[in-house]
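Note: the block below is coords-v1.pdb and it holds PDB, C-alpha atoms.
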```pdb
ATOM      1  CA  ALA K   1     -11.588   0.085  13.104
ATOM      2  CA  TYR K   2      -8.570  -2.128  13.486
ATOM      3  CA  ASP K   3      -5.626  -0.864  15.512
ATOM      4  CA  ILE K   4      -2.816   0.133  13.139
ATOM      5  CA  GLN K   5      -0.213  -1.797  15.147
ATOM      6  CA  LYS K   6      -2.319  -4.957  14.760
ATOM      7  CA  ILE K   7      -2.544  -4.374  11.009
ATOM      8  CA  SER K   8       1.225  -3.922  10.875
ATOM      9  CA  ASP K   9       1.602  -7.321  12.576
ATOM     10  CA  ILE K  10      -0.917  -8.972  10.225
ATOM     11  CA  SER K  11       0.892  -7.533   7.203
ATOM     12  CA  SER K  12       4.158  -9.128   8.226
ATOM     13  CA  GLY K  13       2.625 -12.522   8.934
ATOM     14  CA  ARG K  14       2.190 -12.174  12.692
ATOM     15  CA  GLY K  15      -1.593 -12.015  12.684
ATOM     16  CA  VAL K  16      -3.879 -13.222  15.444
ATOM     17  CA  LYS K  17      -6.585 -15.764  14.651
ATOM     18  CA  ASP K  18      -9.970 -14.994  16.155
ATOM     19  CA  GLY K  19     -12.338 -16.346  13.504
ATOM     20  CA  LYS K  20     -13.000 -12.924  11.951
ATOM     21  CA  LYS K  21     -12.160 -12.532   8.283
ATOM     22  CA  ILE K  22     -10.997  -9.110   7.218
ATOM     23  CA  ALA K  23      -9.337  -7.859   4.038
ATOM     24  CA  PHE K  24      -7.394  -4.631   3.687
ATOM     25  CA  LEU K  25      -7.111  -3.792  -0.020
ATOM     26  CA  THR K  26      -3.993  -1.721  -0.681
ATOM     27  CA  PHE K  27      -2.713  -0.072  -3.855
ATOM     28  CA  ASP K  28       0.914   0.967  -4.343
ATOM     29  CA  ASP K  29       2.854   3.350  -6.574
ATOM     30  CA  GLY K  30       0.038   5.694  -7.589
ATOM     31  CA  PRO K  31      -1.582   7.937  -8.280
ATOM     32  CA  SER K  32      -1.758   7.422 -12.027
ATOM     33  CA  THR K  33      -4.206   9.243 -14.275
ATOM     34  CA  THR K  34      -4.866   6.028 -16.237
ATOM     35  CA  VAL K  35      -5.430   3.315 -13.603
ATOM     36  CA  THR K  36      -6.280   5.033 -10.297
ATOM     37  CA  PRO K  37      -9.620   6.445 -11.578
ATOM     38  CA  LYS K  38     -10.663   2.962 -12.787
ATOM     39  CA  VAL K  39      -9.773   1.435  -9.416
ATOM     40  CA  LEU K  40     -11.740   4.171  -7.645
ATOM     41  CA  ASP K  41     -14.769   3.556  -9.885
ATOM     42  CA  VAL K  42     -14.748  -0.183  -9.051
ATOM     43  CA  LEU K  43     -14.406   0.506  -5.321
ATOM     44  CA  LYS K  44     -17.208   3.055  -5.475
ATOM     45  CA  SER K  45     -19.620   0.746  -7.289
ATOM     46  CA  ASN K  46     -18.939  -1.947  -4.662
ATOM     47  CA  ASN K  47     -19.087   0.542  -1.795
ATOM     48  CA  ILE K  48     -15.701  -0.636  -0.520
ATOM     49  CA  LYS K  49     -12.919   1.458   0.978
ATOM     50  CA  ALA K  50      -9.225   0.776   0.342
ATOM     51  CA  THR K  51      -5.818   2.187   1.255
ATOM     52  CA  PHE K  52      -3.565   3.918  -1.280
ATOM     53  CA  PHE K  53       0.187   4.011  -0.644
ATOM     54  CA  VAL K  54       1.177   6.981  -2.768
ATOM     55  CA  VAL K  55       4.495   8.175  -4.180
ATOM     56  CA  GLY K  56       5.284  11.892  -3.795
ATOM     57  CA  LYS K  57       6.825  12.451  -7.213
ATOM     58  CA  TYR K  58       3.759  10.981  -8.948
ATOM     59  CA  ILE K  59       1.406  13.223  -6.985
ATOM     60  CA  GLU K  60       3.435  16.239  -8.085
ATOM     61  CA  SER K  61       3.721  15.163 -11.716
ATOM     62  CA  ASN K  62       0.495  16.892 -12.843
ATOM     63  CA  ASN K  63      -2.664  18.589 -11.592
ATOM     64  CA  SER K  64      -4.878  15.607 -12.391
ATOM     65  CA  SER K  65      -2.836  13.513  -9.952
ATOM     66  CA  LYS K  66      -3.366  16.113  -7.226
ATOM     67  CA  GLU K  67      -7.090  16.025  -7.958
ATOM     68  CA  LEU K  68      -6.993  12.226  -7.664
ATOM     69  CA  ILE K  69      -5.553  12.538  -4.147
ATOM     70  CA  LYS K  70      -8.537  14.750  -3.273
ATOM     71  CA  ARG K  71     -10.913  12.222  -4.786
ATOM     72  CA  ILE K  72      -9.326   9.275  -2.916
ATOM     73  CA  PHE K  73      -9.661  11.195   0.328
ATOM     74  CA  LYS K  74     -13.157  12.511  -0.348
ATOM     75  CA  GLU K  75     -14.475   9.029  -1.178
ATOM     76  CA  GLY K  76     -13.399   7.770   2.236
ATOM     77  CA  HIS K  77     -10.264   5.801   1.385
ATOM     78  CA  ALA K  78      -7.113   5.897   3.475
ATOM     79  CA  ILE K  79      -3.827   7.299   2.194
ATOM     80  CA  GLY K  80      -0.450   5.878   3.180
ATOM     81  CA  ASN K  81       3.066   7.090   2.431
ATOM     82  CA  HIS K  82       5.180   5.113  -0.056
ATOM     83  CA  SER K  83       8.214   7.478  -0.168
ATOM     84  CA  TYR K  84       8.873  10.368  -2.545
ATOM     85  CA  SER K  85      11.160   8.870  -5.193
ATOM     86  CA  HIS K  86      10.540   5.112  -4.934
ATOM     87  CA  ASP K  87      14.143   4.869  -6.101
ATOM     88  CA  MET K  88      15.800   1.761  -4.652
ATOM     89  CA  LYS K  89      19.340   3.026  -5.338
ATOM     90  CA  THR K  90      18.648   6.257  -3.463
ATOM     91  CA  LEU K  91      16.845   4.643  -0.540
ATOM     92  CA  TYR K  92      18.957   1.483  -0.232
ATOM     93  CA  PRO K  93      22.480   2.309  -1.449
ATOM     94  CA  HIS K  94      24.630  -0.869  -1.437
ATOM     95  CA  ASN K  95      21.469  -2.683  -0.318
ATOM     96  CA  LYS K  96      21.418  -0.889   3.036
ATOM     97  CA  LEU K  97      18.663   1.477   4.080
ATOM     98  CA  ASP K  98      19.721   5.125   4.220
ATOM     99  CA  VAL K  99      17.563   6.081   7.188
ATOM    100  CA  SER K 100      17.936   9.860   6.945
ATOM    101  CA  THR K 101      17.145   9.880   3.196
ATOM    102  CA  TYR K 102      14.137   7.629   3.726
ATOM    103  CA  MET K 103      12.751   9.688   6.625
ATOM    104  CA  ALA K 104      13.274  12.900   4.610
ATOM    105  CA  GLU K 105      11.329  11.361   1.695
ATOM    106  CA  LEU K 106       8.465  10.350   3.995
ATOM    107  CA  GLU K 107       8.317  13.880   5.318
ATOM    108  CA  LYS K 108       8.433  15.381   1.827
ATOM    109  CA  THR K 109       5.511  13.228   0.645
ATOM    110  CA  ASN K 110       3.560  13.899   3.833
ATOM    111  CA  ASN K 111       4.007  17.641   3.295
ATOM    112  CA  ILE K 112       2.782  17.333  -0.305
ATOM    113  CA  LEU K 113      -0.328  15.545   1.025
ATOM    114  CA  LYS K 114      -0.854  18.238   3.668
ATOM    115  CA  GLY K 115      -0.619  20.861   0.925
ATOM    116  CA  ILE K 116      -3.484  19.168  -0.930
ATOM    117  CA  LEU K 117      -5.643  17.846   1.930
ATOM    118  CA  GLY K 118      -4.977  20.418   4.639
ATOM    119  CA  GLN K 119      -2.457  20.727   7.455
ATOM    120  CA  ASP K 120      -4.443  18.368   9.703
ATOM    121  CA  PHE K 121      -3.753  15.446   7.399
ATOM    122  CA  ASN K 122      -1.088  13.002   8.509
ATOM    123  CA  ALA K 123      -0.247   9.639   6.943
ATOM    124  CA  ARG K 124       0.643   7.265   9.802
ATOM    125  CA  ALA K 125       0.760   4.183   7.580
ATOM    126  CA  ILE K 126       3.935   3.860   5.556
ATOM    127  CA  ARG K 127       5.067   1.201   3.123
ATOM    128  CA  MET K 128       8.710   0.799   2.203
ATOM    129  CA  PRO K 129       9.463   0.355  -1.505
ATOM    130  CA  GLY K 130      10.179  -3.373  -1.803
ATOM    131  CA  GLY K 131       8.623  -3.948   1.617
ATOM    132  CA  TYR K 132       9.942  -3.916   5.175
ATOM    133  CA  ASN K 133      10.335  -7.696   5.097
ATOM    134  CA  SER K 134      12.810  -7.455   2.218
ATOM    135  CA  ARG K 135      15.026  -5.360   4.526
ATOM    136  CA  VAL K 136      14.688  -8.075   7.170
ATOM    137  CA  TYR K 137      15.540 -10.690   4.545
ATOM    138  CA  TYR K 138      18.765  -8.842   3.682
ATOM    139  CA  ASN K 139      19.623  -8.450   7.392
ATOM    140  CA  ASP K 140      19.700  -4.687   6.906
ATOM    141  CA  PRO K 141      21.719  -3.333   9.855
ATOM    142  CA  ASN K 142      19.895   0.023   9.758
ATOM    143  CA  LEU K 143      16.442  -1.326  10.633
ATOM    144  CA  ILE K 144      17.050  -0.747  14.342
ATOM    145  CA  GLU K 145      17.622   2.949  13.696
ATOM    146  CA  LEU K 146      14.590   3.060  11.388
ATOM    147  CA  ASN K 147      12.327   1.397  13.974
ATOM    148  CA  ALA K 148      13.332   3.996  16.571
ATOM    149  CA  LYS K 149      12.611   6.854  14.131
ATOM    150  CA  LEU K 150       9.214   5.423  13.143
ATOM    151  CA  LYS K 151       8.255   4.994  16.790
ATOM    152  CA  GLU K 152       9.299   8.551  17.584
ATOM    153  CA  LYS K 153       7.085   9.881  14.780
ATOM    154  CA  ASP K 154       4.145   7.500  15.403
ATOM    155  CA  LEU K 155       4.529   5.889  11.971
ATOM    156  CA  TYR K 156       3.698   2.260  11.226
ATOM    157  CA  SER K 157       5.296   0.120   8.564
ATOM    158  CA  ILE K 158       2.718  -1.928   6.658
ATOM    159  CA  ASP K 159       3.708  -4.845   4.426
ATOM    160  CA  TRP K 160       1.315  -7.416   2.910
ATOM    161  CA  ASN K 161       0.509 -11.106   3.279
ATOM    162  CA  ALA K 162      -1.498 -11.537   0.075
ATOM    163  CA  TYR K 163      -0.396 -10.448  -3.373
ATOM    164  CA  ILE K 164      -1.937 -10.550  -6.832
ATOM    165  CA  PHE K 165       1.513 -10.645  -8.508
ATOM    166  CA  ASP K 166       0.783  -7.685 -10.776
ATOM    167  CA  ALA K 167       4.370  -6.387 -10.686
ATOM    168  CA  GLU K 168       6.331  -9.634 -10.838
ATOM    169  CA  GLY K 169       7.329 -11.877 -13.719
ATOM    170  CA  LYS K 170       5.616 -11.588 -17.087
ATOM    171  CA  LYS K 171       2.565  -9.392 -17.527
ATOM    172  CA  LYS K 172      -0.572 -11.264 -16.510
ATOM    173  CA  THR K 173      -4.125 -11.070 -17.809
ATOM    174  CA  ALA K 174      -6.911 -10.127 -15.396
ATOM    175  CA  PRO K 175      -7.996 -13.805 -14.940
ATOM    176  CA  GLU K 176      -4.369 -14.784 -14.233
ATOM    177  CA  LEU K 177      -4.129 -12.067 -11.588
ATOM    178  CA  VAL K 178      -7.334 -13.301  -9.934
ATOM    179  CA  GLU K 179      -5.981 -16.863  -9.913
ATOM    180  CA  ALA K 180      -2.625 -15.795  -8.452
ATOM    181  CA  PHE K 181      -4.494 -13.860  -5.785
ATOM    182  CA  LYS K 182      -6.685 -16.828  -4.779
ATOM    183  CA  GLN K 183      -3.618 -19.061  -4.495
ATOM    184  CA  ASP K 184      -1.814 -16.526  -2.336
ATOM    185  CA  VAL K 185      -4.733 -15.829   0.018
ATOM    186  CA  GLY K 186      -5.211 -19.518   0.726
ATOM    187  CA  THR K 187      -6.998 -19.934   4.047
ATOM    188  CA  GLN K 188      -5.686 -16.794   5.736
ATOM    189  CA  GLU K 189      -8.219 -15.069   7.994
ATOM    190  CA  LYS K 190      -6.796 -11.565   7.906
ATOM    191  CA  ILE K 191      -5.179 -10.260   4.784
ATOM    192  CA  VAL K 192      -3.410  -7.130   3.650
ATOM    193  CA  VAL K 193      -3.587  -7.376  -0.135
ATOM    194  CA  LEU K 194      -0.902  -5.809  -2.319
ATOM    195  CA  MET K 195      -1.964  -4.426  -5.705
ATOM    196  CA  HIS K 196      -0.659  -1.619  -7.912
ATOM    197  CA  ASP K 197      -2.502   1.348  -9.465
ATOM    198  CA  THR K 198       0.432   2.812 -11.315
ATOM    199  CA  TYR K 199       0.777   3.287 -15.106
ATOM    200  CA  GLY K 200       0.445   0.075 -17.104
ATOM    201  CA  LYS K 201      -1.574  -1.767 -14.448
ATOM    202  CA  GLU K 202      -4.917  -1.659 -16.292
ATOM    203  CA  ASN K 203      -5.346  -5.411 -15.760
ATOM    204  CA  THR K 204      -5.294  -4.885 -11.993
ATOM    205  CA  ALA K 205      -8.305  -2.594 -12.325
ATOM    206  CA  LYS K 206      -9.960  -5.215 -14.573
ATOM    207  CA  ALA K 207      -9.292  -8.005 -12.051
ATOM    208  CA  LEU K 208     -10.517  -5.987  -9.068
ATOM    209  CA  PRO K 209     -14.282  -6.679  -9.355
ATOM    210  CA  GLU K 210     -13.653 -10.434  -9.325
ATOM    211  CA  ILE K 211     -11.189 -10.145  -6.431
ATOM    212  CA  ILE K 212     -13.801  -8.229  -4.436
ATOM    213  CA  ASP K 213     -16.495 -10.800  -5.314
ATOM    214  CA  TYR K 214     -14.224 -13.639  -4.220
ATOM    215  CA  LEU K 215     -13.567 -11.978  -0.855
ATOM    216  CA  LYS K 216     -17.246 -11.164  -0.301
ATOM    217  CA  THR K 217     -18.288 -14.724  -1.179
ATOM    218  CA  ASN K 218     -15.731 -16.069   1.261
ATOM    219  CA  GLY K 219     -17.034 -13.939   4.100
ATOM    220  CA  TYR K 220     -14.395 -11.212   4.353
ATOM    221  CA  GLU K 221     -15.169  -7.741   5.651
ATOM    222  CA  PHE K 222     -13.144  -4.814   4.321
ATOM    223  CA  GLY K 223     -11.070  -2.377   6.319
ATOM    224  CA  ILE K 224      -8.762   0.605   5.779
ATOM    225  CA  ILE K 225      -5.375   1.389   7.311
ATOM    226  CA  LYS K 226      -4.960   4.766   8.960
TER     227      LYS K 226
END
```
Represent the structure of the file as structure tokens.
Amino acid sequence: AYDIQKISDISSGRGVKDGKKIAFLTFDDGPSTTVTPKVLDVLKSNNIKATFFVVGKYIESNNSSKELIKRIFKEGHAIGNHSYSHDMKTLYPHNKLDVSTYMAELEKTNNILKGILGQDFNARAIRMPGGYNSRVYYNDPNLIELNAKLKEKDLYSIDWNAYIFDAEGKKKTAPELVEAFKQDVGTQEKIVVLMHDTYGKENTAKALPEIIDYLKTNGYEFGIIK
């Protein structure tokens, strides 16, 4: 298994080259009762494990979503924390990170996961809504405080360095998503791939088999982030 700090570096474009190709498939903004099961079916039929960055309020929205968390876990995937509300205005008022609100949301979602998966469960991988790098881009003055808090709690911020563009611009067909993905991967050796399994992302589930085939054909192994 890859060290989580190394994966955090890879995800923000500071990866090390050693000739080994590895892909970490990640899914944001779930669980959803419409798309997450389809994604899980594709992963299962390919015998591949992925990482799901889940949103607390969606887990709580219905019992089926709670069951999906159990299924994700039982099938050997990793679960990361993607906040409770995913509300940019709440988390980044005036485009500045509210550290105490964000940390409280991480804790709330982690406690929801513990309630479903048992008190031993702990999500060390976190993903900020919009990404950590977007906070860097905006020169967010509160990142220093955040970094100290994450370190204290042994949490690791994971971004991505490959994206299928399933939440940007106009809605894309499955073949368009695959094409966007290939372009974005380029010749990178180690990739953390951003996809979405939230409501309305059926085409992501449709594109997934071809994305997996492309990675297999190009000699990538698959890893999870935990």
* To do: Please return, as number ranges by chain, all polymer residues that have at least one atom within 12 Å of the point (-2.3, 11.2, 7.8); use only C-alpha atoms and the file's own coordinate frame.
  => K: 51-54, 73, 77-81, 106-107, 109-126, 153-156, 225-226
* To do: Starting from the shown file, work through the PyMOL selection byres ((chain K and resi 86-100) around 12) and note down what comes out as a ChimeraX atom specification.
  => /K:28-30,53-58,81-85,101-107,109,127-132,134-150
* Report as a count of residues only the residues that result from applying the PyMOL selection byres ((chain K and resi 213-218) around 10) to the structure here. => 18
* Asked: Near Tyr199 of chain K, within 10 Å and counting only C-alpha atoms, which residues show up once chain neighbours fewer than 2 positions away are dropped, as a list of chain:residue names?
  -> K:Asp29, K:Gly30, K:Pro31, K:Ser32, K:Thr33, K:Thr34, K:Val35, K:Thr36, K:His196, K:Asp197, K:Lys201, K:Glu202
Export, as an mmCIF file, in the coordinates of the input, the selected residues with C-alpha atoms.
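The resulting file, out-v1.cif, is reproduced below:
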```cif
data_model
loop_
_atom_site.group_PDB
_atom_site.id
_atom_site.type_symbol
_atom_site.label_atom_id
_atom_site.label_comp_id
_atom_site.auth_asym_id
_atom_site.auth_seq_id
_atom_site.Cartn_x
_atom_site.Cartn_y
_atom_site.Cartn_z
ATOM 1 C CA ASP K 29 2.854 3.350 -6.574
ATOM 2 C CA GLY K 30 0.038 5.694 -7.589
ATOM 3 C CA PRO K 31 -1.582 7.937 -8.280
ATOM 4 C CA SER K 32 -1.758 7.422 -12.027
ATOM 5 C CA THR K 33 -4.206 9.243 -14.275
ATOM 6 C CA THR K 34 -4.866 6.028 -16.237
ATOM 7 C CA VAL K 35 -5.430 3.315 -13.603
ATOM 8 C CA THR K 36 -6.280 5.033 -10.297
ATOM 9 C CA HIS K 196 -0.659 -1.619 -7.912
ATOM 10 C CA ASP K 197 -2.502 1.348 -9.465
ATOM 11 C CA LYS K 201 -1.574 -1.767 -14.448
ATOM 12 C CA GLU K 202 -4.917 -1.659 -16.292
#
```
Padding 6 Å on every side, please: axis-aligned box over the listed atoms of segment 176-184 of chain K, centre and edge lengths to one decimal in Å, as JSON.
```
{"center_x": -4.6, "center_y": -15.6, "center_z": -8.3, "size_x": 17.5, "size_y": 19.0, "size_z": 23.9}
```
* **Residue nearest Val193 of chain K among K:Ile72, K:Ala205, K:Leu25, K:Val16 (counting only C-alpha atoms)** =>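 Closest to Val193 of chain K of all the choices is K:Leu25.
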* atom CA of Lys70 of chain K to atom CA of Lys108 of chain K, distance in Å rounded to a single decimal ->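 The value is 17.7 Å.
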